Amino acid sequence: MKFFADTAEIEDIKELAATGLLDGVTTNPSLIAKSGRDFMEVTKEICGITDGPVSAEVVALDHEGMMREAEVLRKIADNVCIKVPLTIDGLKTCKALTSDGTMVNVTLCFSANQALLAAKAGATFVSPFIGRHDDNGFDGMDLISDIRLIYDNYAFETEILAASIRHGVHVLQAAKIGADVMTAPPAVIKGLFKHVLTEKGIEGFLADWAKTGQSI
Ligand code: E4P
């Protein structure tokens with residue numbers, strides 16, 4: 001499973017990249033606003049930290065506008081992945097961009113039928129939003145399972161990017177189902193390293209080691 005960081009915070013991305021476990025980054029207009037940074041500048045900086053795909057989202061709602069914005073965004077770096085919403089214009093843009101060899105992440109996916117359309121449009125990634133799905137009384141994991149089944153039935157190459165991940169259980173469940181990628185806030189990714197018994201174990205070993213009076 002690939003791990004993407006869902007953030008536009010440079011220090012967090014650097015810290016995760018240093019672990020060697022970061023495969024890419026996703027941003028969205030809300031995350032850019034939260035960073036307080038210039039969209040183009042921060043995206044370029046992120047693209048320099050990771051070699052993996054860096055999703056940058058268009059804000060136009062019409063196909064022509066999306067194509068115009070994508071043209072600007074894809075010049076930032078070779079690893080920019082254009083993020084488009086799951087609408088008719090978004091998928092039209094997805095088809096045009098991927099036919100031309102540009103990576104596209106189709107975002108705001110909330111149904112398996114929408115994911116089927118994204119795959120037919122040649123999306124590189126489709127982003128089903130697990131947390132937001134749960135928030136609205138649906139089961140985000142059922143959505144991931146249904147998309148996995150459909151994509152496997154037809155050998156679609158579009159990667160399932162489990163998004164809107166809120167905690168470690170989401171990561172675990174998405175991995176068990178076979179989502180290709182998950183994107184999560186840095187705090188959630190850092191939380192995956194932690195276990196109370198690991199910390200307790202280290203404490204115990206260090207206490208016993210100190211009693212030996214030895215050093216390595
Ligand atoms: C990622 O591509 C999405 O924009 C993101 O995961 C949305 O997460 P949220 O529902 O926590 O805002």
# chains A, B, ... in the order shown; residues from 1 in each chain; ligands from 1
call {"tool": "closest_atom_pairs", "arguments": {"of": "chain A", "to": "ligand 1", "cutoff": "7 Å", "atoms": "only C-alpha atoms and all ligand atoms", "output": "CSV"}}
result
residue,atom,partner,partner_atom_place_in_ligand_line,distance
A:Asp6,CA,ligand 1,1 (C),5.9
A:Thr26,CA,ligand 1,2 (O),5.1
A:Thr27,CA,ligand 1,2 (O),6.0
A:Asn28,CA,ligand 1,4 (O),5.1
A:Thr107,CA,ligand 1,2 (O),6.4
A:Ser127,CA,ligand 1,2 (O),6.3
A:Phe129,CA,ligand 1,10 (O),6.3
A:Gly131,CA,ligand 1,10 (O),5.8
A:Arg132,CA,ligand 1,10 (O),5.2
A:Ala163,CA,ligand 1,6 (O),4.0
A:Ser164,CA,ligand 1,8 (O),3.4
A:Ile165,CA,ligand 1,6 (O),6.1
A:Arg166,CA,ligand 1,11 (O),6.6
A:Thr183,CA,ligand 1,6 (O),6.1
A:Ala184,CA,ligand 1,6 (O),6.3
call {"tool": "write_last_selection", "arguments": {"atoms": "C-alpha atoms", "output": "PDB file, in the first residue's frame"}}
result
ATOM      1  CA  ASP A   6      -2.653  14.700   2.995  1.00  0.00           C
ATOM      2  CA  THR A  26      -2.217  15.120  -1.777  1.00  0.00           C
ATOM      3  CA  THR A  27      -3.399  18.691  -1.368  1.00  0.00           C
ATOM      4  CA  ASN A  28      -6.745  20.351  -1.869  1.00  0.00           C
ATOM      5  CA  THR A 107     -11.512  13.455  -6.183  1.00  0.00           C
ATOM      6  CA  SER A 127     -10.244   9.235  -4.274  1.00  0.00           C
ATOM      7  CA  PHE A 129     -13.619   9.943   0.845  1.00  0.00           C
ATOM      8  CA  GLY A 131     -14.328   9.872   6.670  1.00  0.00           C
ATOM      9  CA  ARG A 132     -16.827  12.174   5.009  1.00  0.00           C
ATOM     10  CA  ALA A 163      -8.887   9.524   1.195  1.00  0.00           C
ATOM     11  CA  SER A 164     -10.453  11.448   4.072  1.00  0.00           C
ATOM     12  CA  ILE A 165      -8.760   9.001   6.435  1.00  0.00           C
ATOM     13  CA  ARG A 166      -9.292   9.963  10.059  1.00  0.00           C
ATOM     14  CA  THR A 183      -3.700   9.497   2.032  1.00  0.00           C
ATOM     15  CA  ALA A 184      -3.840  10.712   5.610  1.00  0.00           C
TER      16      ALA A 184
END
call {"tool": "residues_around", "arguments": {"residues": "segment 139-142 of chain A", "least_positions_apart": "4", "cutoff": "7 Å", "atoms": "only C-alpha atoms", "output": "list of chain:residue names"}}
result
A:Ile130, A:Gly131, A:His133, A:Asp134, A:Asp146, A:Ala174
call {"tool": "residues_around", "arguments": {"residues": "Gly178 of chain A", "least_positions_apart": "5", "cutoff": "12 Å", "atoms": "only C-alpha atoms", "output": "list in words"}}
result
Met1, Lys2, Met141, Ile144, Ser145, Asp146, Ile147, Arg148, Leu149, Tyr151, Asp152, Glu159, Ile160, Leu161, Ala162, Val171, Leu172 and Gln173 of chain A
call {"tool": "write_last_selection", "arguments": {"atoms": "N, CA and C atoms", "output": "PDB file, in the first residue's frame"}}
result
ATOM      1  N   MET A   1       0.849  -1.197   0.000  1.00  0.00           N
ATOM      2  CA  MET A   1       0.000   0.000   0.000  1.00  0.00           C
ATOM      3  C   MET A   1       0.888   1.251   0.000  1.00  0.00           C
ATOM      4  N   LYS A   2       0.595   2.159  -0.921  1.00  0.00           N
ATOM      5  CA  LYS A   2       1.373   3.415  -0.939  1.00  0.00           C
ATOM      6  C   LYS A   2       0.806   4.374   0.110  1.00  0.00           C
ATOM      7  N   MET A 141     -15.984   2.058   4.292  1.00  0.00           N
ATOM      8  CA  MET A 141     -15.253   0.847   3.909  1.00  0.00           C
ATOM      9  C   MET A 141     -16.024  -0.006   2.906  1.00  0.00           C
ATOM     10  N   ILE A 144     -15.079   1.339  -0.383  1.00  0.00           N
ATOM     11  CA  ILE A 144     -13.765   0.859  -0.841  1.00  0.00           C
ATOM     12  C   ILE A 144     -13.881  -0.586  -1.352  1.00  0.00           C
ATOM     13  N   SER A 145     -14.612  -1.433  -0.610  1.00  0.00           N
ATOM     14  CA  SER A 145     -14.776  -2.849  -1.030  1.00  0.00           C
ATOM     15  C   SER A 145     -15.467  -2.948  -2.384  1.00  0.00           C
ATOM     16  N   ASP A 146     -16.530  -2.152  -2.557  1.00  0.00           N
ATOM     17  CA  ASP A 146     -17.269  -2.210  -3.828  1.00  0.00           C
ATOM     18  C   ASP A 146     -16.389  -1.765  -4.994  1.00  0.00           C
ATOM     19  N   ILE A 147     -15.615  -0.718  -4.768  1.00  0.00           N
ATOM     20  CA  ILE A 147     -14.752  -0.225  -5.858  1.00  0.00           C
ATOM     21  C   ILE A 147     -13.676  -1.276  -6.180  1.00  0.00           C
ATOM     22  N   ARG A 148     -13.117  -1.888  -5.124  1.00  0.00           N
ATOM     23  CA  ARG A 148     -12.077  -2.927  -5.345  1.00  0.00           C
ATOM     24  C   ARG A 148     -12.647  -4.043  -6.219  1.00  0.00           C
ATOM     25  N   LEU A 149     -13.868  -4.483  -5.860  1.00  0.00           N
ATOM     26  CA  LEU A 149     -14.517  -5.582  -6.588  1.00  0.00           C
ATOM     27  C   LEU A 149     -14.721  -5.208  -8.058  1.00  0.00           C
ATOM     28  N   TYR A 151     -13.241  -2.829  -9.862  1.00  0.00           N
ATOM     29  CA  TYR A 151     -11.976  -2.628 -10.591  1.00  0.00           C
ATOM     30  C   TYR A 151     -11.322  -3.978 -10.920  1.00  0.00           C
ATOM     31  N   ASP A 152     -11.413  -4.921  -9.971  1.00  0.00           N
ATOM     32  CA  ASP A 152     -10.827  -6.244 -10.226  1.00  0.00           C
ATOM     33  C   ASP A 152     -11.629  -6.998 -11.287  1.00  0.00           C
ATOM     34  N   GLU A 159      -5.871   3.431  -9.728  1.00  0.00           N
ATOM     35  CA  GLU A 159      -5.550   3.056  -8.355  1.00  0.00           C
ATOM     36  C   GLU A 159      -6.568   3.649  -7.381  1.00  0.00           C
ATOM     37  N   ILE A 160      -6.984   2.826  -6.430  1.00  0.00           N
ATOM     38  CA  ILE A 160      -7.928   3.288  -5.392  1.00  0.00           C
ATOM     39  C   ILE A 160      -7.122   3.996  -4.313  1.00  0.00           C
ATOM     40  N   LEU A 161      -7.396   5.297  -4.180  1.00  0.00           N
ATOM     41  CA  LEU A 161      -6.683   6.138  -3.214  1.00  0.00           C
ATOM     42  C   LEU A 161      -7.645   6.450  -2.063  1.00  0.00           C
ATOM     43  N   ALA A 162      -7.548   5.676  -0.997  1.00  0.00           N
ATOM     44  CA  ALA A 162      -8.450   5.889   0.143  1.00  0.00           C
ATOM     45  C   ALA A 162      -8.122   7.237   0.772  1.00  0.00           C
ATOM     46  N   VAL A 171      -6.941   3.122   8.120  1.00  0.00           N
ATOM     47  CA  VAL A 171      -5.773   2.663   7.339  1.00  0.00           C
ATOM     48  C   VAL A 171      -5.771   1.141   7.286  1.00  0.00           C
ATOM     49  N   LEU A 172      -5.960   0.522   8.441  1.00  0.00           N
ATOM     50  CA  LEU A 172      -5.947  -0.940   8.540  1.00  0.00           C
ATOM     51  C   LEU A 172      -7.030  -1.561   7.661  1.00  0.00           C
ATOM     52  N   GLN A 173      -8.238  -1.035   7.766  1.00  0.00           N
ATOM     53  CA  GLN A 173      -9.350  -1.608   7.000  1.00  0.00           C
ATOM     54  C   GLN A 173      -9.141  -1.420   5.494  1.00  0.00           C
TER      55      GLN A 173
END
call {"tool": "select_by_dssp", "arguments": {"residues": "segment 40-187 of chain A", "states": "helix (DSSP H, G or I)", "output": "PyMOL selection string"}}
result
chain A and resi 40-49+63-74+88-99+112-120+130-135+140-154+168-177+186-187
call {"tool": "closest_residue", "arguments": {"among": "A:Ala56, A:Ala207, A:Ala121, A:Val72", "to": "Thr43 of chain A", "atoms": "only C-alpha atoms"}}
result
A:Ala56
call {"tool": "select_by_dssp", "arguments": {"residues": "chain A", "states": "strand (DSSP E or B)", "output": "ChimeraX atom specification"}}
result
/A:2-6,24-26,54-57,80-85,104-109,125-129,159-163,181-184
call {"tool": "residues_around", "arguments": {"residues": "Gly101 of chain A", "least_positions_apart": "4", "cutoff": "10 Å", "atoms": "only C-alpha atoms", "output": "PDB file with N, CA and C atoms, in the first residue's frame"}}
result
ATOM      1  N   ALA A  96      -9.090  13.738 -21.204  1.00  0.00           N
ATOM      2  CA  ALA A  96      -8.186  14.499 -22.087  1.00  0.00           C
ATOM      3  C   ALA A  96      -6.759  14.505 -21.531  1.00  0.00           C
ATOM      4  N   LEU A  97      -6.623  14.687 -20.218  1.00  0.00           N
ATOM      5  CA  LEU A  97      -5.287  14.782 -19.625  1.00  0.00           C
ATOM      6  C   LEU A  97      -4.573  13.431 -19.597  1.00  0.00           C
ATOM      7  N   THR A 124      -5.821   8.081 -13.139  1.00  0.00           N
ATOM      8  CA  THR A 124      -4.660   7.412 -12.538  1.00  0.00           C
ATOM      9  C   THR A 124      -5.048   6.965 -11.130  1.00  0.00           C
TER      10      THR A 124
END
call {"tool": "decode", "arguments": {"residues": "segment 8-97 of chain A", "atoms": "C-alpha atoms", "output": "PDB file, in the first residue's frame"}}
result
ATOM      1  CA  ALA A   8       0.517  21.211   2.365  1.00  0.00           C
ATOM      2  CA  GLU A   9       2.683  21.689   5.482  1.00  0.00           C
ATOM      3  CA  ILE A  10       6.299  21.550   4.318  1.00  0.00           C
ATOM      4  CA  GLU A  11       7.895  20.584   7.650  1.00  0.00           C
ATOM      5  CA  ASP A  12       5.509  17.648   8.092  1.00  0.00           C
ATOM      6  CA  ILE A  13       6.187  16.444   4.543  1.00  0.00           C
ATOM      7  CA  LYS A  14       9.958  16.680   5.080  1.00  0.00           C
ATOM      8  CA  GLU A  15       9.704  14.738   8.331  1.00  0.00           C
ATOM      9  CA  LEU A  16       7.682  11.949   6.699  1.00  0.00           C
ATOM     10  CA  ALA A  17       9.873  11.873   3.581  1.00  0.00           C
ATOM     11  CA  ALA A  18      12.917  11.359   5.828  1.00  0.00           C
ATOM     12  CA  THR A  19      11.425   8.045   7.033  1.00  0.00           C
ATOM     13  CA  GLY A  20      11.641   6.720   3.466  1.00  0.00           C
ATOM     14  CA  LEU A  21       8.001   5.621   3.723  1.00  0.00           C
ATOM     15  CA  LEU A  22       6.344   8.493   1.906  1.00  0.00           C
ATOM     16  CA  ASP A  23       5.137   7.744  -1.622  1.00  0.00           C
ATOM     17  CA  GLY A  24       3.429  11.029  -2.489  1.00  0.00           C
ATOM     18  CA  VAL A  25       1.361  13.974  -1.289  1.00  0.00           C
ATOM     19  CA  THR A  26      -2.217  15.120  -1.777  1.00  0.00           C
ATOM     20  CA  THR A  27      -3.399  18.691  -1.368  1.00  0.00           C
ATOM     21  CA  ASN A  28      -6.745  20.351  -1.869  1.00  0.00           C
ATOM     22  CA  PRO A  29      -7.870  24.014  -1.806  1.00  0.00           C
ATOM     23  CA  SER A  30      -8.706  23.780   1.917  1.00  0.00           C
ATOM     24  CA  LEU A  31      -5.254  22.433   2.791  1.00  0.00           C
ATOM     25  CA  ILE A  32      -3.595  25.164   0.680  1.00  0.00           C
ATOM     26  CA  ALA A  33      -5.674  27.804   2.481  1.00  0.00           C
ATOM     27  CA  LYS A  34      -4.699  26.278   5.853  1.00  0.00           C
ATOM     28  CA  SER A  35      -0.990  26.434   4.947  1.00  0.00           C
ATOM     29  CA  GLY A  36      -1.277  30.170   4.227  1.00  0.00           C
ATOM     30  CA  ARG A  37       1.155  29.662   1.333  1.00  0.00           C
ATOM     31  CA  ASP A  38       1.029  30.635  -2.344  1.00  0.00           C
ATOM     32  CA  PHE A  39      -0.439  27.636  -4.236  1.00  0.00           C
ATOM     33  CA  MET A  40       2.160  27.531  -7.016  1.00  0.00           C
ATOM     34  CA  GLU A  41       5.110  28.086  -4.693  1.00  0.00           C
ATOM     35  CA  VAL A  42       4.138  25.527  -2.085  1.00  0.00           C
ATOM     36  CA  THR A  43       3.260  22.924  -4.725  1.00  0.00           C
ATOM     37  CA  LYS A  44       6.672  23.384  -6.356  1.00  0.00           C
ATOM     38  CA  GLU A  45       8.361  23.015  -2.972  1.00  0.00           C
ATOM     39  CA  ILE A  46       6.429  19.813  -2.202  1.00  0.00           C
ATOM     40  CA  CYS A  47       7.319  18.384  -5.624  1.00  0.00           C
ATOM     41  CA  GLY A  48      10.960  18.877  -4.743  1.00  0.00           C
ATOM     42  CA  ILE A  49      10.658  16.908  -1.492  1.00  0.00           C
ATOM     43  CA  THR A  50       9.030  13.779  -2.902  1.00  0.00           C
ATOM     44  CA  ASP A  51       9.490  12.071  -6.270  1.00  0.00           C
ATOM     45  CA  GLY A  52       6.006  10.617  -5.937  1.00  0.00           C
ATOM     46  CA  PRO A  53       2.781  12.111  -7.276  1.00  0.00           C
ATOM     47  CA  VAL A  54       1.752  15.446  -5.757  1.00  0.00           C
ATOM     48  CA  SER A  55      -1.942  16.144  -6.267  1.00  0.00           C
ATOM     49  CA  ALA A  56      -2.815  19.765  -7.054  1.00  0.00           C
ATOM     50  CA  GLU A  57      -6.498  20.533  -7.500  1.00  0.00           C
ATOM     51  CA  VAL A  58      -8.154  22.668 -10.159  1.00  0.00           C
ATOM     52  CA  VAL A  59     -10.843  25.087  -9.008  1.00  0.00           C
ATOM     53  CA  ALA A  60     -12.595  25.768 -12.327  1.00  0.00           C
ATOM     54  CA  LEU A  61     -15.872  23.928 -12.757  1.00  0.00           C
ATOM     55  CA  ASP A  62     -16.012  23.841 -16.558  1.00  0.00           C
ATOM     56  CA  HIS A  63     -13.884  21.635 -18.817  1.00  0.00           C
ATOM     57  CA  GLU A  64     -12.162  24.509 -20.628  1.00  0.00           C
ATOM     58  CA  GLY A  65     -11.314  26.231 -17.355  1.00  0.00           C
ATOM     59  CA  MET A  66     -10.013  22.984 -15.862  1.00  0.00           C
ATOM     60  CA  MET A  67      -7.823  22.368 -18.930  1.00  0.00           C
ATOM     61  CA  ARG A  68      -6.450  25.914 -18.658  1.00  0.00           C
ATOM     62  CA  GLU A  69      -5.631  25.483 -14.968  1.00  0.00           C
ATOM     63  CA  ALA A  70      -4.192  21.992 -15.512  1.00  0.00           C
ATOM     64  CA  GLU A  71      -1.867  23.450 -18.151  1.00  0.00           C
ATOM     65  CA  VAL A  72      -0.499  25.896 -15.564  1.00  0.00           C
ATOM     66  CA  LEU A  73      -0.248  23.274 -12.801  1.00  0.00           C
ATOM     67  CA  ARG A  74       1.442  20.572 -14.812  1.00  0.00           C
ATOM     68  CA  LYS A  75       4.278  22.944 -15.700  1.00  0.00           C
ATOM     69  CA  ILE A  76       5.228  23.115 -11.990  1.00  0.00           C
ATOM     70  CA  ALA A  77       7.003  19.726 -12.037  1.00  0.00           C
ATOM     71  CA  ASP A  78       6.887  16.319 -13.696  1.00  0.00           C
ATOM     72  CA  ASN A  79       5.385  14.710 -10.584  1.00  0.00           C
ATOM     73  CA  VAL A  80       2.329  16.964 -10.400  1.00  0.00           C
ATOM     74  CA  CYS A  81      -0.898  14.972 -10.524  1.00  0.00           C
ATOM     75  CA  ILE A  82      -3.897  17.056 -11.570  1.00  0.00           C
ATOM     76  CA  LYS A  83      -6.833  16.676  -9.218  1.00  0.00           C
ATOM     77  CA  VAL A  84     -10.284  17.102 -10.719  1.00  0.00           C
ATOM     78  CA  PRO A  85     -13.732  16.731  -9.131  1.00  0.00           C
ATOM     79  CA  LEU A  86     -15.988  13.828 -10.015  1.00  0.00           C
ATOM     80  CA  THR A  87     -18.311  15.716 -12.345  1.00  0.00           C
ATOM     81  CA  ILE A  88     -19.012  15.404 -16.063  1.00  0.00           C
ATOM     82  CA  ASP A  89     -16.575  18.237 -16.788  1.00  0.00           C
ATOM     83  CA  GLY A  90     -14.058  16.751 -14.356  1.00  0.00           C
ATOM     84  CA  LEU A  91     -14.133  13.381 -16.086  1.00  0.00           C
ATOM     85  CA  LYS A  92     -13.997  14.975 -19.531  1.00  0.00           C
ATOM     86  CA  THR A  93     -10.860  16.768 -18.340  1.00  0.00           C
ATOM     87  CA  CYS A  94      -9.517  13.527 -16.829  1.00  0.00           C
ATOM     88  CA  LYS A  95      -9.929  11.716 -20.163  1.00  0.00           C
ATOM     89  CA  ALA A  96      -8.186  14.499 -22.087  1.00  0.00           C
ATOM     90  CA  LEU A  97      -5.287  14.782 -19.625  1.00  0.00           C
TER      91      LEU A  97
END
